[in-house]
$ cat coords.txt   # compact mmCIF, C-alpha atoms and all ligand atoms
# COMPACT_ATOMS: atom_id res chain seq x y z
CA MET D 1 -8.02 52.37 -101.07
CA ILE D 2 -7.63 50.97 -104.54
CA ARG D 3 -10.82 50.26 -106.44
CA ILE D 4 -10.84 48.35 -109.71
CA GLU D 5 -14.04 48.13 -111.71
CA GLY D 6 -14.65 46.01 -114.78
CA LEU D 7 -10.98 45.87 -115.72
CA ARG D 8 -10.44 44.22 -119.09
CA LYS D 9 -7.22 43.83 -121.04
CA GLU D 10 -6.95 42.49 -124.55
CA PHE D 11 -3.62 42.44 -126.32
CA ASP D 12 -3.22 43.21 -130.02
CA GLN D 13 -3.12 39.59 -131.12
CA GLY D 14 -6.53 39.05 -129.53
CA THR D 15 -5.32 37.49 -126.27
CA VAL D 16 -7.76 38.34 -123.49
CA ALA D 17 -5.48 38.55 -120.45
CA LEU D 18 -8.20 39.90 -118.14
CA GLU D 19 -11.92 39.31 -118.65
CA LYS D 20 -13.62 41.68 -116.27
CA LEU D 21 -11.92 42.21 -112.96
CA ASP D 22 -13.45 43.85 -109.88
CA LEU D 23 -11.43 44.36 -106.72
CA VAL D 24 -11.36 46.66 -103.70
CA ILE D 25 -8.15 46.86 -101.69
CA LYS D 26 -8.52 48.77 -98.45
CA THR D 27 -5.87 51.24 -97.32
CA SER D 28 -2.93 49.70 -95.44
CA THR D 29 -3.82 46.15 -96.40
CA PHE D 30 -1.64 43.65 -98.20
CA LEU D 31 -3.22 41.91 -101.17
CA ALA D 32 -1.75 38.91 -102.97
CA LEU D 33 -2.67 38.27 -106.60
CA LEU D 34 -2.22 34.52 -106.78
CA GLY D 35 -2.54 32.11 -109.67
CA PRO D 36 -0.72 29.94 -112.19
CA SER D 37 1.58 31.35 -114.84
CA GLY D 38 -0.26 33.27 -117.54
CA CYS D 39 -3.45 33.88 -115.54
CA GLY D 40 -3.15 37.68 -115.73
CA LYS D 41 -1.40 38.70 -112.51
CA THR D 42 1.29 40.89 -114.05
CA THR D 43 -1.23 42.41 -116.45
CA THR D 44 -3.40 43.44 -113.49
CA LEU D 45 -0.43 44.93 -111.64
CA ASN D 46 0.79 46.81 -114.71
CA CYS D 47 -2.67 48.31 -115.25
CA ILE D 48 -2.67 49.52 -111.63
CA ALA D 49 0.82 50.95 -112.14
CA GLY D 50 -0.18 52.69 -115.35
CA LEU D 51 2.36 50.78 -117.43
CA LEU D 52 -0.46 49.18 -119.43
CA GLU D 53 -3.59 50.84 -120.73
CA PRO D 54 -6.77 48.90 -119.92
CA THR D 55 -9.08 47.95 -122.79
CA ALA D 56 -12.05 48.70 -120.52
CA GLY D 57 -12.72 49.46 -116.88
CA ARG D 58 -11.61 52.04 -114.35
CA ILE D 59 -9.10 52.23 -111.52
CA TRP D 60 -9.43 54.56 -108.52
CA PHE D 61 -6.95 55.45 -105.79
CA ASP D 62 -9.26 56.71 -103.05
CA ASP D 63 -11.54 59.20 -104.82
CA GLN D 64 -9.21 59.84 -107.72
CA ASP D 65 -9.81 58.13 -111.04
CA VAL D 66 -6.25 57.27 -112.12
CA THR D 67 -7.13 55.23 -115.20
CA ALA D 68 -5.57 57.76 -117.57
CA LEU D 69 -2.81 58.98 -115.24
CA PRO D 70 0.82 58.30 -116.26
CA PRO D 71 2.80 56.05 -113.86
CA ARG D 72 4.94 58.85 -112.37
CA GLU D 73 1.83 60.70 -111.22
CA ARG D 74 0.43 57.70 -109.36
CA ASN D 75 2.82 57.90 -106.39
CA LEU D 76 3.63 54.24 -106.23
CA GLY D 77 6.72 52.12 -105.68
CA MET D 78 7.30 49.06 -107.79
CA VAL D 79 9.61 46.05 -107.46
CA PHE D 80 9.98 43.75 -110.44
CA GLN D 81 11.02 40.12 -110.58
CA SER D 82 14.20 41.13 -112.42
CA TYR D 83 14.87 44.02 -109.97
CA ALA D 84 15.80 46.13 -113.04
CA LEU D 85 18.63 47.97 -111.26
CA TYR D 86 20.77 50.33 -113.33
CA PRO D 87 24.08 48.45 -113.70
CA HIS D 88 26.24 51.52 -114.25
CA MET D 89 24.99 53.35 -111.16
CA LYS D 90 26.12 52.90 -107.57
CA VAL D 91 23.58 51.54 -105.13
CA ILE D 92 23.02 54.99 -103.62
CA ASP D 93 22.15 56.45 -107.02
CA ASN D 94 19.93 53.51 -107.86
CA ILE D 95 17.94 54.11 -104.67
CA ALA D 96 17.89 57.88 -105.23
CA PHE D 97 16.94 57.65 -108.90
CA PRO D 98 13.15 58.10 -108.50
CA LEU D 99 13.88 61.17 -106.33
CA LYS D 100 16.14 62.59 -109.04
CA GLN D 101 13.27 62.16 -111.49
CA LYS D 102 11.11 64.16 -109.11
CA GLY D 103 13.70 66.97 -109.24
CA MET D 104 15.17 66.53 -105.76
CA LYS D 105 18.70 67.97 -105.29
CA LYS D 106 21.61 65.58 -104.85
CA PRO D 107 22.42 66.14 -101.14
CA GLU D 108 18.78 65.80 -100.24
CA ARG D 109 18.12 62.70 -102.30
CA HIS D 110 21.32 61.03 -101.10
CA GLN D 111 20.25 61.75 -97.53
CA LYS D 112 16.87 60.15 -98.21
CA ALA D 113 18.55 57.17 -99.93
CA ARG D 114 20.80 56.68 -96.88
CA GLU D 115 17.82 56.71 -94.52
CA THR D 116 15.96 54.17 -96.63
CA ALA D 117 19.07 51.99 -96.95
CA LYS D 118 19.43 52.02 -93.18
CA ARG D 119 15.88 50.78 -92.75
CA LEU D 120 16.66 47.87 -95.08
CA GLN D 121 20.08 47.23 -93.52
CA ILE D 122 22.05 47.85 -96.69
CA GLU D 123 23.90 51.06 -95.68
CA HIS D 124 27.24 49.31 -96.10
CA LEU D 125 26.50 48.62 -99.77
CA LEU D 126 25.79 52.17 -100.93
CA ASP D 127 29.04 52.61 -102.88
CA ARG D 128 28.86 49.30 -104.73
CA ARG D 129 27.42 48.61 -108.14
CA PRO D 130 24.62 46.03 -108.68
CA ALA D 131 27.01 43.44 -110.17
CA GLN D 132 28.90 43.40 -106.86
CA LEU D 133 25.82 42.35 -104.89
CA SER D 134 24.24 39.00 -104.07
CA GLY D 135 20.68 38.25 -105.20
CA GLY D 136 19.28 39.03 -101.76
CA GLN D 137 21.16 42.33 -101.61
CA GLN D 138 19.93 43.32 -105.07
CA GLN D 139 16.40 42.55 -103.92
CA ARG D 140 16.83 44.87 -100.93
CA VAL D 141 18.19 47.65 -103.17
CA ALA D 142 15.16 47.27 -105.43
CA MET D 143 12.91 47.52 -102.35
CA ALA D 144 14.78 50.60 -101.12
CA ARG D 145 14.42 52.26 -104.52
CA ALA D 146 10.67 51.59 -104.45
CA LEU D 147 10.31 52.98 -100.92
CA ALA D 148 12.65 56.02 -101.06
CA LYS D 149 10.00 58.32 -102.49
CA GLU D 150 7.56 57.29 -99.74
CA PRO D 151 4.87 55.95 -102.06
CA ARG D 152 1.32 55.36 -100.87
CA ILE D 153 1.15 52.10 -102.78
CA LEU D 154 3.74 49.36 -103.13
CA LEU D 155 3.50 46.95 -106.07
CA LEU D 156 5.60 43.78 -106.08
CA ASP D 157 5.79 41.39 -109.04
CA GLU D 158 7.20 38.01 -107.95
CA PRO D 159 9.86 39.89 -105.95
CA MET D 160 11.36 36.80 -104.36
CA SER D 161 11.39 34.30 -107.19
CA ASN D 162 15.15 34.64 -107.78
CA LEU D 163 16.06 33.91 -104.16
CA ASP D 164 16.82 30.61 -102.45
CA ALA D 165 14.20 29.10 -100.13
CA ARG D 166 15.70 30.36 -96.89
CA LEU D 167 16.25 33.93 -98.03
CA LYS D 168 12.74 33.96 -99.47
CA ILE D 169 11.24 33.50 -96.02
CA GLU D 170 13.57 36.10 -94.49
CA ILE D 171 12.77 38.73 -97.12
CA ARG D 172 9.08 37.85 -97.06
CA ASP D 173 8.95 38.60 -93.34
CA GLU D 174 10.92 41.80 -93.90
CA ILE D 175 8.54 43.03 -96.60
CA LYS D 176 5.55 42.26 -94.39
CA ARG D 177 7.12 44.17 -91.48
CA LEU D 178 7.90 47.20 -93.68
CA GLN D 179 4.38 47.23 -95.10
CA GLN D 180 2.92 47.22 -91.59
CA ASP D 181 5.37 49.78 -90.16
CA LEU D 182 4.79 52.20 -93.02
CA GLY D 183 1.05 51.48 -93.28
CA LEU D 184 1.40 50.87 -97.00
CA THR D 185 -1.27 49.55 -99.29
CA ALA D 186 0.60 46.74 -101.01
CA ILE D 187 -0.07 44.26 -103.79
CA ILE D 188 2.18 41.28 -104.41
CA VAL D 189 1.99 39.04 -107.47
CA THR D 190 2.95 35.44 -106.81
CA HIS D 191 2.28 31.89 -108.02
CA ASP D 192 3.31 30.50 -104.62
CA GLN D 193 0.28 29.85 -102.42
CA GLU D 194 2.41 29.47 -99.31
CA GLU D 195 4.00 32.90 -99.88
CA ALA D 196 0.56 34.45 -100.46
CA MET D 197 -0.85 32.86 -97.29
CA ALA D 198 2.11 34.07 -95.24
CA ILE D 199 2.29 37.67 -96.41
CA ALA D 200 -1.21 38.77 -97.38
CA ASP D 201 -4.28 40.00 -95.51
CA LYS D 202 -6.42 39.15 -98.52
CA ILE D 203 -5.81 36.93 -101.53
CA ALA D 204 -7.37 37.25 -104.97
CA ILE D 205 -6.88 33.97 -106.77
CA LEU D 206 -6.99 34.18 -110.56
CA ASP D 207 -7.42 31.68 -113.35
CA ASN D 208 -7.64 32.57 -117.04
CA GLY D 209 -8.10 36.28 -116.39
CA CYS D 210 -10.96 35.80 -113.90
CA ILE D 211 -11.02 36.02 -110.12
CA GLN D 212 -11.96 32.65 -108.67
CA GLN D 213 -12.16 33.81 -105.06
CA PHE D 214 -11.25 36.95 -103.14
CA ASP D 215 -11.03 36.52 -99.40
CA THR D 216 -8.73 36.05 -96.41
CA PRO D 217 -6.09 33.29 -96.52
CA GLU D 218 -8.08 31.38 -93.86
CA VAL D 219 -11.28 31.29 -95.91
CA LEU D 220 -9.44 30.29 -99.09
CA TYR D 221 -7.71 27.50 -97.23
CA HIS D 222 -10.69 26.12 -95.32
CA TYR D 223 -13.59 27.01 -97.61
CA PRO D 224 -12.36 27.15 -101.20
CA ALA D 225 -15.15 28.39 -103.45
CA ASN D 226 -14.47 25.80 -106.13
CA LEU D 227 -12.23 22.91 -107.14
CA PHE D 228 -9.68 25.23 -108.80
CA VAL D 229 -9.06 27.08 -105.54
CA ALA D 230 -9.18 23.84 -103.55
CA HIS D 231 -6.47 22.28 -105.74
CA PHE D 232 -4.34 25.40 -105.60
CA MET D 233 -4.33 26.11 -101.86
CA GLY D 234 -2.44 24.11 -99.24
CA ASN D 235 0.49 21.77 -98.94
CA PRO D 236 -0.11 18.85 -98.71
CA PRO D 237 -2.99 19.43 -101.10
CA MET D 238 -6.57 18.80 -100.07
CA ASN D 239 -7.78 15.20 -100.48
CA PHE D 240 -10.59 14.57 -102.95
CA ILE D 241 -12.81 11.51 -102.80
CA ASP D 242 -15.45 10.72 -105.44
CA ALA D 243 -18.93 10.25 -104.07
CA VAL D 244 -22.60 10.77 -104.80
CA LEU D 245 -24.96 13.10 -102.94
CA LYS D 246 -28.63 12.22 -102.62
CA ASP D 247 -31.21 13.17 -100.00
CA ASN D 248 -28.56 14.56 -97.66
CA GLN D 249 -26.64 11.29 -97.78
CA ILE D 250 -23.08 10.95 -99.11
CA SER D 251 -22.27 7.59 -100.66
CA GLY D 252 -19.22 6.15 -102.33
CA ASP D 253 -17.31 2.90 -102.80
CA ASP D 254 -18.25 0.95 -99.70
CA PHE D 255 -19.35 3.90 -97.57
CA SER D 256 -22.36 6.01 -96.82
CA PHE D 257 -22.90 8.74 -94.23
CA PRO D 258 -25.18 11.73 -93.77
CA VAL D 259 -23.94 15.22 -94.66
CA PRO D 260 -22.38 16.46 -91.38
CA LYS D 261 -24.08 19.46 -89.75
CA GLY D 262 -21.27 21.88 -90.46
CA ALA D 263 -21.14 20.94 -94.13
CA MET D 264 -24.65 22.11 -94.94
CA VAL D 265 -25.45 21.96 -98.63
CA THR D 266 -27.08 25.17 -99.81
CA GLN D 267 -28.52 23.90 -103.05
CA PRO D 268 -30.02 20.51 -102.21
CA PRO D 269 -30.10 18.31 -105.26
CA GLU D 270 -33.45 17.19 -106.56
CA SER D 271 -34.24 13.52 -106.57
CA ALA D 272 -31.34 12.76 -108.96
CA ASP D 273 -27.96 11.73 -107.68
CA ARG D 274 -25.38 14.48 -107.80
CA LYS D 275 -21.78 13.51 -108.45
CA ILE D 276 -19.54 15.17 -105.89
CA LYS D 277 -15.99 15.25 -104.67
CA ILE D 278 -15.50 15.22 -100.94
CA GLY D 279 -12.69 17.64 -100.14
CA VAL D 280 -10.95 17.24 -96.82
CA ARG D 281 -7.56 18.30 -95.46
CA SER D 282 -5.15 15.65 -94.20
CA HIS D 283 -5.22 16.88 -90.59
CA GLN D 284 -9.02 16.95 -90.40
CA ILE D 285 -9.52 13.19 -90.71
CA GLN D 286 -9.98 10.84 -87.75
CA VAL D 287 -8.53 7.35 -88.09
CA LYS D 288 -10.20 4.31 -86.51
CA ILE D 289 -8.93 0.75 -86.40
CA GLN D 290 -12.40 -0.68 -86.67
CA HIS D 291 -15.25 -0.25 -89.05
CA GLY D 292 -18.00 2.09 -87.75
CA PRO D 293 -21.41 3.19 -89.03
CA HIS D 294 -20.10 6.29 -90.84
CA THR D 295 -16.53 5.30 -91.58
CA VAL D 296 -14.77 5.23 -94.93
CA LYS D 297 -12.46 2.30 -95.60
CA MET D 298 -8.89 3.10 -96.66
CA GLU D 299 -6.35 0.58 -97.90
CA LEU D 300 -3.20 1.58 -96.04
CA GLN D 301 -0.14 1.85 -98.30
CA ILE D 302 2.16 4.35 -96.60
CA VAL D 303 3.08 4.93 -92.95
CA GLU D 304 5.68 7.65 -92.44
CA ASN D 305 6.87 9.24 -89.24
CA LEU D 306 7.65 12.83 -90.28
CA GLY D 307 8.87 13.83 -86.83
CA LYS D 308 6.26 16.43 -86.01
CA GLU D 309 3.45 14.26 -87.35
CA LEU D 310 2.52 10.84 -88.61
CA LEU D 311 1.47 10.42 -92.24
CA LEU D 312 -0.84 7.64 -93.32
CA ALA D 313 -1.75 7.34 -96.97
CA GLY D 314 -3.58 4.91 -99.19
CA MET D 315 -6.58 4.33 -101.39
CA VAL D 316 -10.23 5.09 -100.76
CA GLY D 317 -11.84 3.52 -103.79
CA LYS D 318 -9.92 5.06 -106.68
CA SER D 319 -8.82 8.15 -104.72
CA PHE D 320 -5.42 8.50 -103.07
CA VAL D 321 -5.85 10.00 -99.60
CA ARG D 322 -3.34 11.44 -97.13
CA VAL D 323 -3.98 11.67 -93.40
CA THR D 324 -1.71 13.40 -90.90
CA MET D 325 -1.91 13.26 -87.11
CA PRO D 326 0.20 14.94 -84.45
CA ASP D 327 0.60 11.79 -82.34
CA THR D 328 3.42 9.72 -83.84
CA SER D 329 3.46 7.04 -81.12
CA ALA D 330 1.19 4.67 -83.07
CA ALA D 331 3.54 4.44 -86.08
CA ASP D 332 4.52 0.83 -85.40
CA MET D 333 0.93 -0.23 -84.83
CA TYR D 334 -0.06 1.20 -88.24
CA ARG D 335 2.98 -0.42 -89.88
CA GLY D 336 1.73 -3.72 -88.47
CA ILE D 337 -1.70 -3.15 -90.04
CA ARG D 338 -0.13 -2.23 -93.39
CA ARG D 339 1.87 -5.49 -93.48
CA SER D 340 -1.08 -7.63 -92.40
CA GLY D 341 -3.46 -9.51 -94.67
CA GLU D 342 -6.14 -6.88 -93.90
CA PRO D 343 -4.31 -3.58 -94.45
CA TYR D 344 -7.32 -1.37 -93.74
CA VAL D 345 -8.04 1.61 -91.52
CA TYR D 346 -11.34 3.48 -91.25
CA LEU D 347 -11.66 7.21 -91.73
CA GLU D 348 -14.16 9.57 -90.20
CA PHE D 349 -14.80 13.08 -91.41
CA ASN D 350 -16.22 15.25 -88.68
CA GLU D 351 -14.92 18.69 -89.46
CA GLY D 352 -13.66 20.76 -92.33
CA LEU D 353 -15.60 18.83 -94.92
CA ASN D 354 -16.12 20.49 -98.31
CA LEU D 355 -18.45 19.05 -100.92
CA PHE D 356 -17.81 20.02 -104.52
CA ASP D 357 -20.12 19.50 -107.46
CA THR D 358 -17.92 17.35 -109.72
CA GLU D 359 -19.30 18.80 -112.94
CA LYS D 360 -19.51 22.50 -112.08
CA GLY D 361 -16.67 22.51 -109.57
CA VAL D 362 -18.51 24.75 -107.10
CA ASN D 363 -18.37 24.20 -103.37
CA LEU D 364 -21.82 23.14 -102.18
CA SER D 365 -20.93 23.38 -98.51
CA GLY D 366 -22.35 26.88 -98.25
CA ARG D 367 -20.14 28.07 -95.43
CA ASN D 368 -18.46 31.37 -95.24
CA LEU D 369 -16.28 32.81 -92.51
CA SER D 370 -16.29 36.36 -93.78
N1 LIG D 401 2.49 42.28 -124.21
C1 LIG D 401 1.72 41.21 -124.41
N2 LIG D 401 1.27 40.90 -125.64
C2 LIG D 401 0.47 39.84 -125.85
N3 LIG D 401 0.08 38.99 -124.89
C3 LIG D 401 0.50 39.22 -123.64
C4 LIG D 401 1.35 40.33 -123.32
N4 LIG D 401 1.60 40.32 -121.99
C5 LIG D 401 0.95 39.25 -121.50
N5 LIG D 401 0.29 38.58 -122.48
C6 LIG D 401 -0.57 37.38 -122.31
O1 LIG D 401 -1.56 37.67 -121.36
C7 LIG D 401 -1.79 36.57 -120.47
C8 LIG D 401 -1.53 37.00 -119.05
O2 LIG D 401 -0.16 37.31 -118.88
P1 LIG D 401 0.46 37.80 -117.50
O3 LIG D 401 -0.41 38.85 -116.91
O4 LIG D 401 1.88 38.16 -117.74
O5 LIG D 401 0.36 36.48 -116.62
P2 LIG D 401 1.02 36.11 -115.18
O6 LIG D 401 1.73 37.32 -114.67
O7 LIG D 401 -0.15 35.70 -114.35
O8 LIG D 401 1.94 34.96 -115.44
C9 LIG D 401 -0.87 35.46 -120.98
O9 LIG D 401 -1.61 34.65 -121.83
C10 LIG D 401 0.20 36.21 -121.72
O10 LIG D 401 0.77 35.41 -122.73
MG MG D 402 3.75 37.55 -114.20

$ encode --input "coords.txt" --output "structure tokens" --more "lines below"
Ligand SMILES: Nc1ncnc2c1ncn2[C@@H]1O[C@H](COP(=O)(O)OP(=O)(O)O)[C@@H](O)[C@H]1O
Ligand SMILES: [Mg+2]
Amino acid sequence: MIRIEGLRKEFDQGTVALEKLDLVIKTSTFLALLGPSGCGKTTTLNCIAGLLEPTAGRIWFDDQDVTALPPRERNLGMVFQSYALYPHMKVIDNIAFPLKQKGMKKPERHQKARETAKRLQIEHLLDRRPAQLSGGQQQRVAMARALAKEPRILLLDEPMSNLDARLKIEIRDEIKRLQQDLGLTAIIVTHDQEEAMAIADKIAILDNGCIQQFDTPEVLYHYPANLFVAHFMGNPPMNFIDAVLKDNQISGDDFSFPVPKGAMVTQPPESADRKIKIGVRSHQIQVKIQHGPHTVKMELQIVENLGKELLLAGMVGKSFVRVTMPDTSAADMYRGIRRSGEPYVYLEFNEGLNLFDTEKGVNLSGRNLS
């Protein structure tokens, strides 16, 4: 288990990279630190690794306070974005290097390096130098070097950002498999929400040195705690429609419907209207041809058959909304509507509705899976 309490990092020039971070990462789980560039991900990782000294706060590995421990005494493996392989050393010596630092004899450490290389399917590269390797191969060597000393914790800082899209997915799956096989506690830093969703058991999403939400990928995706998380998670992004909430009724341009049961609002507004944004994912919208009591009118602008699904998009008031549905057979019917003099369809939101306070950004829906 890794426990982080009140972690703060200020740099000399007065930049506050981390405000006050609290996190608990259970043993053998995979955590993703997710957020935009500059939000403090690498700073957090480097504090855990011991490469940076925190301004305040403490870090524990199980019962041991490691805050003041030098990196080599923390028993962790680290993979950097740049891989940082030693160019003058053969692959085998790169992988064995951390073992050499530990004082292991050459035959022994080469044996260990060979075993690790085998696990990562790079045995055939052991006699090459880094310059003779492709990006994907260099990535695997960096992984092998991190794993050779059998660390209890694996730290990965954007380890796949230099790879092409296809290799990214392959290596991502490989890293996940290794983490599970070896029962490692792992932390990956990434700005790619899809990568974080795919690889991690838990995601901590950061903005400006503060955690915005810490939960499973499912909860972050379906019940984002605020507009920042909602904008960040998911592709296509969540739809947002401006509305007003009053007396359990949601009203907007040309529509009005009661707050659905599942989307209970925990802090009911007083008599005043509360400006909200309805947040709903494209696949959680029902499309009707005719106006109904609780429908929301959309001016249809785009009809695209994407093969596995049909995309309809257009305007609800001033908001651009995307709808996807698995049944593509009605594509021509919707194209007919779009070309007609009345290019309207009617949307119904029955499930997966999130209601955000426009001003504060918080999710009012008050649901929680965890
Ligand atoms: N050595 C440093 N000196 C001064 N400021 C730094 C240093 N390292 C990082 N920062 C600043 O701290 C903030 C967080 O940086 P970082 O943790 O690298 O972000 P991320 O990895 O999320 O992109 C940024 O504003 C960055 O400019
Ligand atoms: Mg970084």

$ residues_around --input "coords.txt" --residues "Gly136 (chain D)" --least-positions-apart "4" --cutoff "10 Å" --atoms "only C-alpha atoms" --output "ChimeraX atom specification"
/D:140-142,160,162-164,167-168,170-171

$ atom_distance --input "coords.txt" --atom1 "CA of Asp12 (chain D)" --atom2 "CA of Ala68 (chain D)"
19.3 Å

$ closest_residue --input "coords.txt" --among "D:Trp60, D:Phe80, D:Phe30, D:Tyr223" --to "ligand MG 402 (chain D)" --atoms "only C-alpha atoms and all ligand atoms"
D:Phe80

$ atom_distance --input "coords.txt" --atom1 "CA of Ile276 (chain D)" --atom2 "CA of Asp192 (chain D)"
27.5 Å

$ residues_around --input "coords.txt" --residues "Ala204 (chain D)" --least-positions-apart "5" --cutoff "12 Å" --atoms "all atoms listed in the file" --output "ChimeraX atom specification"
/D:21-25,30-35,39-41,44,187-191,193,196-197,209-217,219-220,224-225,229,233

$ closest_residue --input "coords.txt" --among "D:Asp253, D:Asp247, D:Asp157, D:Glu73" --to "ligand MG 402 (chain D)" --atoms "only C-alpha atoms and all ligand atoms"
D:Asp157

$ residues_near_ligand --input "coords.txt" --ligand "ligand LIG 401 (chain D)" --cutoff "6 Å" --atoms "all atoms listed in the file" --output "NGL selection string"
:D and (11 or 15 or 17 or 37-43)

$ write_last_selection --input "coords.txt" --atoms "C-alpha atoms" --output "mmCIF file, in the frame of the given file"
data_model
loop_
_atom_site.group_PDB
_atom_site.id
_atom_site.type_symbol
_atom_site.label_atom_id
_atom_site.label_comp_id
_atom_site.auth_asym_id
_atom_site.auth_seq_id
_atom_site.Cartn_x
_atom_site.Cartn_y
_atom_site.Cartn_z
ATOM 1 C CA PHE D 11 -3.620 42.440 -126.320
ATOM 2 C CA THR D 15 -5.320 37.490 -126.270
ATOM 3 C CA ALA D 17 -5.480 38.550 -120.450
ATOM 4 C CA SER D 37 1.580 31.350 -114.840
ATOM 5 C CA GLY D 38 -0.260 33.270 -117.540
ATOM 6 C CA CYS D 39 -3.450 33.880 -115.540
ATOM 7 C CA GLY D 40 -3.150 37.680 -115.730
ATOM 8 C CA LYS D 41 -1.400 38.700 -112.510
ATOM 9 C CA THR D 42 1.290 40.890 -114.050
ATOM 10 C CA THR D 43 -1.230 42.410 -116.450
#

$ atom_distance --input "coords.txt" --atom1 "CA of Leu310 (chain D)" --atom2 "CA of Ala198 (chain D)"
24.2 Å

$ closest_residue --input "coords.txt" --among "D:Gly14, D:Gly103, D:Pro236, D:Pro151" --to "Gly183 (chain D)" --atoms "only C-alpha atoms"
D:Pro151

$ residues_near_point --input "coords.txt" --point "(7.8, 53.9, -105.9)" --cutoff "10 Å" --atoms "all atoms listed in the file" --output "MDAnalysis selection string"
chainID D and resid 49 71:72 74:79 98:99 142:155

$ residues_around --input "coords.txt" --residues "Arg338 (chain D)" --least-positions-apart "5" --cutoff "8 Å" --atoms "only C-alpha atoms" --output "list in words"
Leu300, Gln301, Ile302, Val303, Pro343 and Tyr344 of chain D

$ closest_residue --input "coords.txt" --among "D:Gly234, D:Pro159, D:Arg8, D:Leu126" --to "ligand MG 402 (chain D)" --atoms "all atoms listed in the file"
D:Pro159

$ residues_around --input "coords.txt" --residues "Asp357 (chain D)" --least-positions-apart "3" --cutoff "10 Å" --atoms "only C-alpha atoms" --output "VMD selection string"
chain D and resid 226 to 227 243 to 245 274 to 278 360 to 365

$ closest_residue --input "coords.txt" --among "D:Leu69, D:Ala56, D:Ile48, D:Leu85" --to "Glu10 (chain D)" --atoms "only C-alpha atoms"
D:Ala56
